[in-house]
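Colleague: One file is attached below, work-v9.cif, containing mmCIF, C-alpha atoms.
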```
data_upload
loop_
_atom_site.group_PDB
_atom_site.id
_atom_site.type_symbol
_atom_site.label_atom_id
_atom_site.label_comp_id
_atom_site.auth_asym_id
_atom_site.auth_seq_id
_atom_site.Cartn_x
_atom_site.Cartn_y
_atom_site.Cartn_z
ATOM 1 C CA MET C 1 10.717 10.034 12.161
ATOM 2 C CA ILE C 2 9.800 8.043 9.064
ATOM 3 C CA THR C 3 11.233 9.659 5.936
ATOM 4 C CA LYS C 4 11.570 6.737 3.498
ATOM 5 C CA ALA C 5 8.947 4.906 1.458
ATOM 6 C CA ILE C 6 8.970 1.927 -0.896
ATOM 7 C CA VAL C 7 6.466 2.101 -3.752
ATOM 8 C CA PRO C 8 6.296 -0.976 -6.044
ATOM 9 C CA VAL C 9 4.825 -0.169 -9.476
ATOM 10 C CA ALA C 10 6.330 -2.976 -11.578
ATOM 11 C CA GLY C 11 3.096 -4.946 -12.004
ATOM 12 C CA LEU C 12 2.040 -5.802 -15.553
ATOM 13 C CA GLY C 13 -1.490 -4.439 -15.171
ATOM 14 C CA THR C 14 -3.007 -7.207 -17.293
ATOM 15 C CA ARG C 15 -6.538 -6.421 -16.082
ATOM 16 C CA LEU C 16 -6.228 -2.996 -17.702
ATOM 17 C CA GLY C 17 -5.162 -4.209 -21.137
ATOM 18 C CA PRO C 18 -4.682 -3.418 -23.898
ATOM 19 C CA VAL C 19 -3.663 0.078 -22.761
ATOM 20 C CA THR C 20 -1.137 -1.317 -20.260
ATOM 21 C CA GLY C 21 0.539 -3.149 -23.105
ATOM 22 C CA ALA C 22 1.763 0.278 -24.197
ATOM 23 C CA ILE C 23 2.109 2.283 -20.960
ATOM 24 C CA PRO C 24 2.605 1.291 -17.303
ATOM 25 C CA LYS C 25 -0.571 1.260 -15.232
ATOM 26 C CA ALA C 26 1.182 3.688 -12.871
ATOM 27 C CA MET C 27 1.007 6.243 -15.694
ATOM 28 C CA LEU C 28 -2.780 6.174 -16.094
ATOM 29 C CA PRO C 29 -4.156 9.707 -15.625
ATOM 30 C CA LEU C 30 -6.408 11.130 -12.946
ATOM 31 C CA VAL C 31 -7.998 14.573 -13.157
ATOM 32 C CA ASP C 32 -8.701 16.599 -10.011
ATOM 33 C CA ALA C 33 -11.244 19.347 -9.330
ATOM 34 C CA LYS C 34 -8.646 21.968 -10.343
ATOM 35 C CA ASP C 35 -8.394 20.361 -13.799
ATOM 36 C CA ARG C 36 -4.852 19.147 -13.108
ATOM 37 C CA ILE C 37 -3.922 15.902 -14.844
ATOM 38 C CA ARG C 38 -1.595 13.722 -12.784
ATOM 39 C CA SER C 39 -0.644 10.083 -13.174
ATOM 40 C CA VAL C 40 -1.524 7.472 -10.583
ATOM 41 C CA VAL C 41 2.090 7.262 -9.415
ATOM 42 C CA HIS C 42 2.240 11.054 -9.142
ATOM 43 C CA CYS C 43 -0.793 11.027 -6.828
ATOM 44 C CA ILE C 44 0.785 8.318 -4.679
ATOM 45 C CA LEU C 45 4.100 10.144 -4.424
ATOM 46 C CA ALA C 46 2.352 13.435 -3.649
ATOM 47 C CA GLU C 47 0.582 11.750 -0.726
ATOM 48 C CA ALA C 48 3.925 10.397 0.470
ATOM 49 C CA SER C 49 5.503 13.844 0.280
ATOM 50 C CA ALA C 50 2.593 15.430 2.159
ATOM 51 C CA ALA C 51 3.148 12.809 4.900
ATOM 52 C CA GLY C 52 6.776 13.863 5.366
ATOM 53 C CA ILE C 53 8.443 11.283 3.131
ATOM 54 C CA ARG C 54 11.639 12.685 1.619
ATOM 55 C CA GLU C 55 13.083 9.593 -0.102
ATOM 56 C CA VAL C 56 11.250 7.004 -2.185
ATOM 57 C CA GLY C 57 12.450 3.679 -3.542
ATOM 58 C CA LEU C 58 10.318 3.224 -6.657
ATOM 59 C CA VAL C 59 10.324 -0.443 -7.698
ATOM 60 C CA VAL C 60 9.904 -0.592 -11.475
ATOM 61 C CA ALA C 61 10.202 -3.087 -14.318
ATOM 62 C CA PRO C 62 13.090 -2.301 -16.684
ATOM 63 C CA ARG C 63 10.717 -1.542 -19.566
ATOM 64 C CA GLN C 64 8.821 0.994 -17.424
ATOM 65 C CA LYS C 65 11.739 2.942 -16.024
ATOM 66 C CA GLN C 66 12.336 5.443 -18.797
ATOM 67 C CA VAL C 67 8.743 6.576 -19.269
ATOM 68 C CA ILE C 68 8.146 6.921 -15.513
ATOM 69 C CA GLU C 69 11.457 8.717 -15.041
ATOM 70 C CA ASN C 70 10.642 11.115 -17.877
ATOM 71 C CA TYR C 71 7.235 11.871 -16.428
ATOM 72 C CA LEU C 72 8.489 12.503 -12.893
ATOM 73 C CA ALA C 73 11.246 14.767 -14.202
ATOM 74 C CA ALA C 74 8.617 16.801 -16.049
ATOM 75 C CA ALA C 75 6.410 16.861 -12.928
ATOM 76 C CA ARG C 76 9.078 18.319 -10.646
ATOM 77 C CA ASP C 77 7.764 21.851 -11.159
ATOM 78 C CA ALA C 78 4.517 20.823 -9.474
ATOM 79 C CA GLY C 79 6.415 20.935 -6.179
ATOM 80 C CA ASP C 80 4.549 18.039 -4.607
ATOM 81 C CA LEU C 81 7.024 15.161 -5.067
ATOM 82 C CA PRO C 82 9.481 13.743 -2.511
ATOM 83 C CA ARG C 83 12.966 15.195 -2.652
ATOM 84 C CA GLU C 84 14.702 12.026 -3.830
ATOM 85 C CA ILE C 85 13.438 9.151 -5.953
ATOM 86 C CA GLU C 86 15.633 6.080 -6.380
ATOM 87 C CA TYR C 87 14.691 3.512 -9.014
ATOM 88 C CA VAL C 88 14.876 -0.142 -7.932
ATOM 89 C CA LEU C 89 14.578 -2.696 -10.727
ATOM 90 C CA GLN C 90 12.389 -5.804 -10.561
ATOM 91 C CA PRO C 91 13.348 -7.678 -13.772
ATOM 92 C CA LYS C 92 10.466 -10.164 -13.602
ATOM 93 C CA PRO C 93 7.118 -10.156 -11.759
ATOM 94 C CA LYS C 94 7.727 -12.602 -8.914
ATOM 95 C CA GLY C 95 5.142 -11.396 -6.440
ATOM 96 C CA PHE C 96 4.501 -8.322 -4.325
ATOM 97 C CA GLY C 97 6.811 -9.660 -1.636
ATOM 98 C CA ASP C 98 9.664 -9.917 -4.120
ATOM 99 C CA ALA C 99 9.151 -6.262 -5.072
ATOM 100 C CA VAL C 100 9.240 -5.210 -1.412
ATOM 101 C CA LEU C 101 12.332 -7.281 -0.671
ATOM 102 C CA ARG C 102 14.162 -5.608 -3.545
ATOM 103 C CA GLY C 103 13.776 -2.355 -1.636
ATOM 104 C CA ALA C 104 15.526 -3.692 1.472
ATOM 105 C CA ASP C 105 18.880 -2.047 0.752
ATOM 106 C CA PHE C 106 17.153 1.252 0.053
ATOM 107 C CA ALA C 107 15.107 1.099 3.265
ATOM 108 C CA GLY C 108 18.076 0.092 5.443
ATOM 109 C CA SER C 109 18.132 -2.135 8.467
ATOM 110 C CA SER C 110 17.625 0.293 11.345
ATOM 111 C CA ASP C 111 14.612 2.486 10.640
ATOM 112 C CA ALA C 112 10.941 1.909 9.942
ATOM 113 C CA PHE C 113 9.654 2.728 6.463
ATOM 114 C CA LEU C 114 6.369 3.371 4.696
ATOM 115 C CA LEU C 115 5.174 0.908 2.061
ATOM 116 C CA MET C 116 2.568 2.119 -0.443
ATOM 117 C CA LEU C 117 0.848 -0.085 -2.987
ATOM 118 C CA GLY C 118 1.597 1.268 -6.444
ATOM 119 C CA ASP C 119 -1.984 1.009 -7.704
ATOM 120 C CA HIS C 120 -3.957 2.354 -4.740
ATOM 121 C CA VAL C 121 -4.830 6.026 -4.401
ATOM 122 C CA ARG C 122 -6.598 7.494 -1.399
ATOM 123 C CA VAL C 123 -8.787 10.439 -0.508
ATOM 124 C CA ALA C 124 -8.717 11.498 3.155
ATOM 125 C CA ASP C 125 -11.889 12.602 4.893
ATOM 126 C CA ALA C 126 -12.482 16.348 4.948
ATOM 127 C CA GLY C 127 -10.387 17.966 7.679
ATOM 128 C CA SER C 128 -8.141 14.898 8.090
ATOM 129 C CA PRO C 129 -4.438 14.602 7.202
ATOM 130 C CA PRO C 130 -3.431 12.435 4.226
ATOM 131 C CA CYS C 131 -4.050 8.766 4.968
ATOM 132 C CA ALA C 132 -0.311 8.002 4.816
ATOM 133 C CA ALA C 133 0.324 10.684 7.439
ATOM 134 C CA GLN C 134 -2.322 9.117 9.681
ATOM 135 C CA VAL C 135 -0.629 5.702 9.539
ATOM 136 C CA ILE C 136 2.828 7.181 10.169
ATOM 137 C CA ALA C 137 1.568 9.183 13.153
ATOM 138 C CA ALA C 138 -0.072 6.093 14.644
ATOM 139 C CA PHE C 139 3.134 4.075 14.273
ATOM 140 C CA GLU C 140 5.217 6.843 15.826
ATOM 141 C CA ARG C 141 2.854 6.874 18.796
ATOM 142 C CA TYR C 142 2.502 3.127 19.366
ATOM 143 C CA GLY C 143 5.690 1.657 17.869
ATOM 144 C CA GLY C 144 5.915 -2.093 17.290
ATOM 145 C CA VAL C 145 6.859 -3.921 14.090
ATOM 146 C CA ALA C 146 3.884 -2.899 11.933
ATOM 147 C CA MET C 147 1.089 -0.372 11.609
ATOM 148 C CA VAL C 148 -1.166 -1.232 8.668
ATOM 149 C CA GLY C 149 -3.696 1.176 7.215
ATOM 150 C CA MET C 150 -7.213 -0.301 7.020
ATOM 151 C CA GLN C 151 -10.684 0.665 5.886
ATOM 152 C CA ASP C 152 -14.014 -1.035 6.535
ATOM 153 C CA VAL C 153 -15.531 -2.964 3.639
ATOM 154 C CA GLY C 154 -18.580 -5.085 3.014
ATOM 155 C CA ALA C 155 -18.663 -8.803 2.234
ATOM 156 C CA GLU C 156 -18.793 -8.157 -1.518
ATOM 157 C CA GLU C 157 -15.233 -6.777 -1.439
ATOM 158 C CA LEU C 158 -13.647 -9.631 0.527
ATOM 159 C CA PRO C 159 -12.448 -11.631 -2.530
ATOM 160 C CA ARG C 160 -10.237 -8.682 -3.560
ATOM 161 C CA VAL C 161 -8.545 -7.611 -0.328
ATOM 162 C CA GLY C 162 -6.473 -8.666 2.647
ATOM 163 C CA VAL C 163 -8.608 -8.695 5.791
ATOM 164 C CA ALA C 164 -7.588 -8.541 9.450
ATOM 165 C CA ARG C 165 -9.283 -8.902 12.806
ATOM 166 C CA GLY C 166 -8.402 -6.289 15.383
ATOM 167 C CA GLU C 167 -8.890 -5.798 19.091
ATOM 168 C CA PRO C 168 -9.585 -2.102 19.756
ATOM 169 C CA ILE C 169 -6.881 -0.124 21.543
ATOM 170 C CA ALA C 170 -7.875 3.526 21.094
ATOM 171 C CA GLY C 171 -8.727 6.084 18.458
ATOM 172 C CA GLY C 172 -9.131 3.688 15.540
ATOM 173 C CA VAL C 173 -5.982 1.718 16.461
ATOM 174 C CA TYR C 174 -6.265 -2.055 16.876
ATOM 175 C CA LEU C 175 -4.041 -4.919 17.905
ATOM 176 C CA CYS C 176 -4.082 -7.366 15.000
ATOM 177 C CA THR C 177 -5.136 -10.834 16.109
ATOM 178 C CA ASP C 178 -5.737 -12.586 12.777
ATOM 179 C CA PHE C 179 -5.178 -12.004 9.078
ATOM 180 C CA ALA C 180 -6.220 -13.631 5.807
ATOM 181 C CA GLU C 181 -5.675 -12.699 2.178
ATOM 182 C CA LYS C 182 -8.887 -12.583 0.107
ATOM 183 C CA PRO C 183 -11.058 -14.682 2.453
ATOM 184 C CA ASP C 184 -14.507 -15.899 1.521
ATOM 185 C CA ALA C 185 -17.480 -14.534 3.441
ATOM 186 C CA ALA C 186 -17.866 -17.630 5.612
ATOM 187 C CA ALA C 187 -14.223 -17.546 6.740
ATOM 188 C CA ALA C 188 -14.431 -13.804 7.386
ATOM 189 C CA ARG C 189 -17.542 -14.146 9.537
ATOM 190 C CA LYS C 190 -15.902 -16.958 11.513
ATOM 191 C CA ARG C 191 -12.407 -15.501 12.005
ATOM 192 C CA LEU C 192 -12.245 -11.847 11.054
ATOM 193 C CA VAL C 193 -15.035 -9.943 12.796
ATOM 194 C CA THR C 194 -13.588 -6.875 14.528
ATOM 195 C CA PRO C 195 -15.415 -5.702 17.671
ATOM 196 C CA GLY C 196 -17.108 -2.329 17.230
ATOM 197 C CA LEU C 197 -17.624 -2.490 13.466
ATOM 198 C CA PRO C 198 -21.177 -2.639 12.097
ATOM 199 C CA GLU C 199 -22.443 -6.102 11.282
ATOM 200 C CA GLY C 200 -21.221 -7.291 7.911
ATOM 201 C CA ARG C 201 -18.265 -4.878 7.805
ATOM 202 C CA PHE C 202 -14.620 -5.934 7.991
ATOM 203 C CA LEU C 203 -11.197 -4.275 8.244
ATOM 204 C CA ALA C 204 -9.385 -4.473 4.906
ATOM 205 C CA HIS C 205 -6.022 -3.198 3.714
ATOM 206 C CA CYS C 206 -5.988 0.211 2.045
ATOM 207 C CA GLY C 207 -2.517 0.018 0.488
ATOM 208 C CA LEU C 208 -0.526 1.608 3.332
ATOM 209 C CA TYR C 209 1.885 -0.134 5.691
ATOM 210 C CA VAL C 210 4.578 0.984 8.113
ATOM 211 C CA PHE C 211 7.046 -1.805 8.783
ATOM 212 C CA THR C 212 10.344 -2.210 10.544
ATOM 213 C CA ALA C 213 13.107 -4.294 8.982
ATOM 214 C CA ALA C 214 11.513 -7.336 10.648
ATOM 215 C CA ILE C 215 9.358 -7.702 7.523
ATOM 216 C CA PHE C 216 12.508 -8.260 5.455
ATOM 217 C CA ASP C 217 13.549 -11.087 7.799
ATOM 218 C CA CYS C 218 10.222 -12.778 7.095
ATOM 219 C CA LEU C 219 10.508 -12.251 3.342
ATOM 220 C CA LYS C 220 14.031 -13.684 3.310
ATOM 221 C CA ALA C 221 12.888 -16.719 5.285
ATOM 222 C CA LEU C 222 10.070 -17.329 2.798
ATOM 223 C CA LYS C 223 12.380 -16.825 -0.159
ATOM 224 C CA SER C 224 14.814 -19.404 1.178
ATOM 225 C CA SER C 225 11.955 -21.926 1.313
ATOM 226 C CA GLY C 226 10.997 -21.253 -2.298
ATOM 227 C CA GLY C 227 7.989 -18.994 -1.790
ATOM 228 C CA ARG C 228 4.526 -20.018 -2.939
ATOM 229 C CA GLY C 229 3.938 -21.025 -6.538
ATOM 230 C CA GLY C 230 7.262 -19.566 -7.576
ATOM 231 C CA GLU C 231 6.326 -16.142 -6.192
ATOM 232 C CA LEU C 232 7.090 -14.300 -2.971
ATOM 233 C CA GLN C 233 3.931 -12.881 -1.420
ATOM 234 C CA LEU C 234 3.834 -10.072 1.110
ATOM 235 C CA ALA C 235 0.688 -11.589 2.650
ATOM 236 C CA ASP C 236 2.679 -14.683 3.653
ATOM 237 C CA ALA C 237 5.354 -12.489 5.212
ATOM 238 C CA GLN C 238 2.692 -10.543 7.089
ATOM 239 C CA SER C 239 1.277 -13.752 8.523
ATOM 240 C CA MET C 240 4.765 -14.772 9.633
ATOM 241 C CA LEU C 241 5.401 -11.343 11.140
ATOM 242 C CA LEU C 242 2.130 -11.530 13.083
ATOM 243 C CA GLU C 243 3.024 -15.003 14.345
ATOM 244 C CA ARG C 244 6.465 -13.833 15.462
ATOM 245 C CA HIS C 245 5.314 -10.537 17.028
ATOM 246 C CA PRO C 246 1.671 -10.953 18.094
ATOM 247 C CA GLN C 247 1.793 -8.049 20.575
ATOM 248 C CA ASP C 248 3.510 -5.601 18.230
ATOM 249 C CA TYR C 249 1.468 -5.822 15.022
ATOM 250 C CA ARG C 250 -1.145 -3.057 14.884
ATOM 251 C CA LEU C 251 -3.783 -1.673 12.555
ATOM 252 C CA LEU C 252 -5.225 1.786 11.977
ATOM 253 C CA LYS C 253 -8.665 2.434 10.519
ATOM 254 C CA VAL C 254 -7.888 5.505 8.425
ATOM 255 C CA ALA C 255 -10.165 8.489 8.013
ATOM 256 C CA GLY C 256 -10.547 8.219 4.251
ATOM 257 C CA ARG C 257 -11.059 5.762 1.398
ATOM 258 C CA ALA C 258 -8.714 3.917 -0.953
ATOM 259 C CA TYR C 259 -9.384 3.167 -4.608
ATOM 260 C CA ASP C 260 -7.728 0.297 -6.470
ATOM 261 C CA THR C 261 -6.725 1.646 -9.886
ATOM 262 C CA GLY C 262 -5.474 -1.811 -10.889
ATOM 263 C CA THR C 263 -8.967 -2.907 -11.949
ATOM 264 C CA PRO C 264 -11.236 -1.253 -14.533
ATOM 265 C CA GLY C 265 -14.000 -0.608 -12.000
ATOM 266 C CA GLY C 266 -11.597 0.665 -9.355
ATOM 267 C CA TYR C 267 -9.887 2.966 -11.835
ATOM 268 C CA ALA C 268 -13.217 4.381 -12.998
ATOM 269 C CA GLU C 269 -14.263 4.977 -9.377
ATOM 270 C CA ALA C 270 -10.943 6.706 -8.606
ATOM 271 C CA PHE C 271 -11.340 8.890 -11.693
ATOM 272 C CA ARG C 272 -14.812 9.983 -10.546
ATOM 273 C CA ARG C 273 -13.742 10.593 -6.950
ATOM 274 C CA PHE C 274 -10.598 12.576 -7.756
ATOM 275 C CA SER C 275 -12.532 14.921 -10.025
ATOM 276 C CA VAL C 276 -14.303 16.428 -7.008
ATOM 277 C CA VAL C 277 -11.378 16.852 -4.578
#
```
Would you encode the structure as structure tokens?

Modeller:
Amino acid sequence: MITKAIVPVAGLGTRLGPVTGAIPKAMLPLVDAKDRIRSVVHCILAEASAAGIREVGLVVAPRQKQVIENYLAAARDAGDLPREIEYVLQPKPKGFGDAVLRGADFAGSSDAFLLMLGDHVRVADAGSPPCAAQVIAAFERYGGVAMVGMQDVGAEELPRVGVARGEPIAGGVYLCTDFAEKPDAAAARKRLVTPGLPEGRFLAHCGLYVFTAAIFDCLKALKSSGGRGGELQLADAQSMLLERHPQDYRLLKVAGRAYDTGTPGGYAEAFRRFSVV
């Protein structure tokens, strides 16, 4: 059973300046239909807890730690946070992959773990479990080295997301056969069309991943070669993992939608959507 999650929130949030020059983007507020005000990171951790996660490795920048720690301590009475939160420091922004790799000791080397993007919040379809719970359940059923949460998007969203091609297995689960980070429309139409999706729709990441420790092996291999542009990218590690384990890398089209709070438009959309659920 998967009980640990890594949640990187150390990003600078430059697209949301100047407010993120004063507070971490993970602390931006969302208001729900019950008039409760919760930060973005609170919403992410609440989803993790509802999916059965008991321990979280929260990857933070040193300058963020105190304000996030103070908030989460004050939020304990809400009763919707994981039991244990361990703070993992990322001193400098060196890529999403670097943040994930810093959580390797926390995650351990024997069990699978949940990875949640620190700026994506999700709303499950009515009557469906939380999206994180859906991805965990799919991994526990099918196993392998990865189960990545996906949603279908149109061509206009391709420049902002990682996109994969899947061969249908059953019940929204796919075997991943190709992957590209932020492809253009021509490349997506040529390489990344998933059978069964409507024309012009593609499977894109929704900020949820279940990985085994095999992802850390890929990240370490990339780090030893210097990374890309001085940064360590998870997308490169995913491509390596798919190449190494082509029969064990799977995708799940979740019943729900993700909202990227790391952009002004995405944050505004999340704010509107959360106010009615």

Colleague: Of the candidates C:Gln90, C:Ala170, C:Pro264, C:Glu69, which one gets nearest to Thr20 in chain C if we count all atoms listed in the file?

Modeller: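 With all atoms listed in the file as the atom set, the closest residue is C:Pro264.
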
Colleague: One number please: CA of Tyr249 in chain C to CA of Gly166 in chain C, in Å, one decimal.

Modeller: 9.9 Å

Colleague: Counting all atoms listed in the file, which residues sit no farther than 12 Å from the position (-5.3, -12.5, 5.7) in the file's frame? I'd like them as an MDAnalysis selection string.

Modeller: chainID C and resid 158:166 176:184 187:188 191:192 202:205 233:240 242

Colleague: As an exercise, work out the distance from CA of Thr194 in chain C to CA of Glu156 in chain C in Å and give it to one decimal place.

Modeller: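 Computed distance, CA of Thr194 in chain C to CA of Glu156 in chain C, equals 16.9 Å.
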
Colleague: Spell out the residues picked by the PyMOL selection byres ((chain C and resi 148) around 6) here, as a list in words.

Modeller: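 In the shown coordinates, the PyMOL selection byres ((chain C and resi 148) around 6) covers Met147, Gly149, Tyr209 and Leu251 of chain C.
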
Colleague: Go through range 16-48 of chain C and flag each residue having an atom no more than 8 Å from range 106-129 of chain C; for those, report the closest pair of atoms plus their distance in Å to one decimal, using only C-alpha atoms, ordered by chain and rising number, as a Markdown table.

Modeller:
```
| residue | atom | partner | partner_atom | distance |
| --- | --- | --- | --- | --- |
| C:Lys25 | CA | C:Asp119 | CA | 7.7 |
| C:Ala26 | CA | C:Asp119 | CA | 6.6 |
| C:Val40 | CA | C:Asp119 | CA | 7.1 |
| C:Val41 | CA | C:Gly118 | CA | 6.7 |
| C:Cys43 | CA | C:Val121 | CA | 6.9 |
| C:Ile44 | CA | C:Val121 | CA | 6.1 |
```

Colleague: Around all the atoms of range 167-178 of chain C listed in the file, draw an axis-aligned box and extend it by 3 Å on each of the six sides; I want its centre and edge lengths in Å to one decimal, as lines of an AutoDock Vina configuration file.

Modeller:
```
center_x = -6.8
center_y = -3.3
center_z = 17.2
size_x = 11.5
size_y = 24.7
size_z = 14.8
```

Colleague: When the PyMOL selection byres ((chain C and resi 54-59) around 6) is applied to the structure above, which residues does it catch, written out as a PyMOL selection string?

Modeller: chain C and resi 3-9+53+60+82-89

Colleague: If I take CA of Ala270 in chain C and CA of Val19 in chain C, how far is one from the other in Å, to one decimal?

Modeller: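 Interatomic distance here is 17.2 Å.
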
Colleague: Hey, what comes out of the PyMOL selection byres ((chain C and resi 42) around 10) on this file? Could you write it as a PyMOL selection string?

Modeller: chain C and resi 26-30+37-41+43-48+68+71-72+75+80-81+121

Colleague: Looking at all atoms listed in the file, which of C:Arg273, C:Arg257, C:Lys92, C:Arg36 is the one that sits closest to Arg63 in chain C?

Modeller: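 Closest to Arg63 in chain C of all the choices is C:Lys92.
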
Colleague: Compare C:Val67, C:Val153, C:Ala146, C:Ile23 by their minimum atom-to-atom distance to Tyr174 in chain C, counting only C-alpha atoms, and give me the closest one.

Modeller: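 Looking only at the distances to Tyr174 in chain C, the closest residue turns out to be C:Ala146.
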
Colleague: Which residue gives the smallest distance to Phe96 in chain C among C:Ser225, C:Lys190, C:Gly11, C:Tyr267, with only C-alpha atoms counted?

Modeller: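 Looking at the shortest contact to Phe96 in chain C, the residue is C:Gly11.
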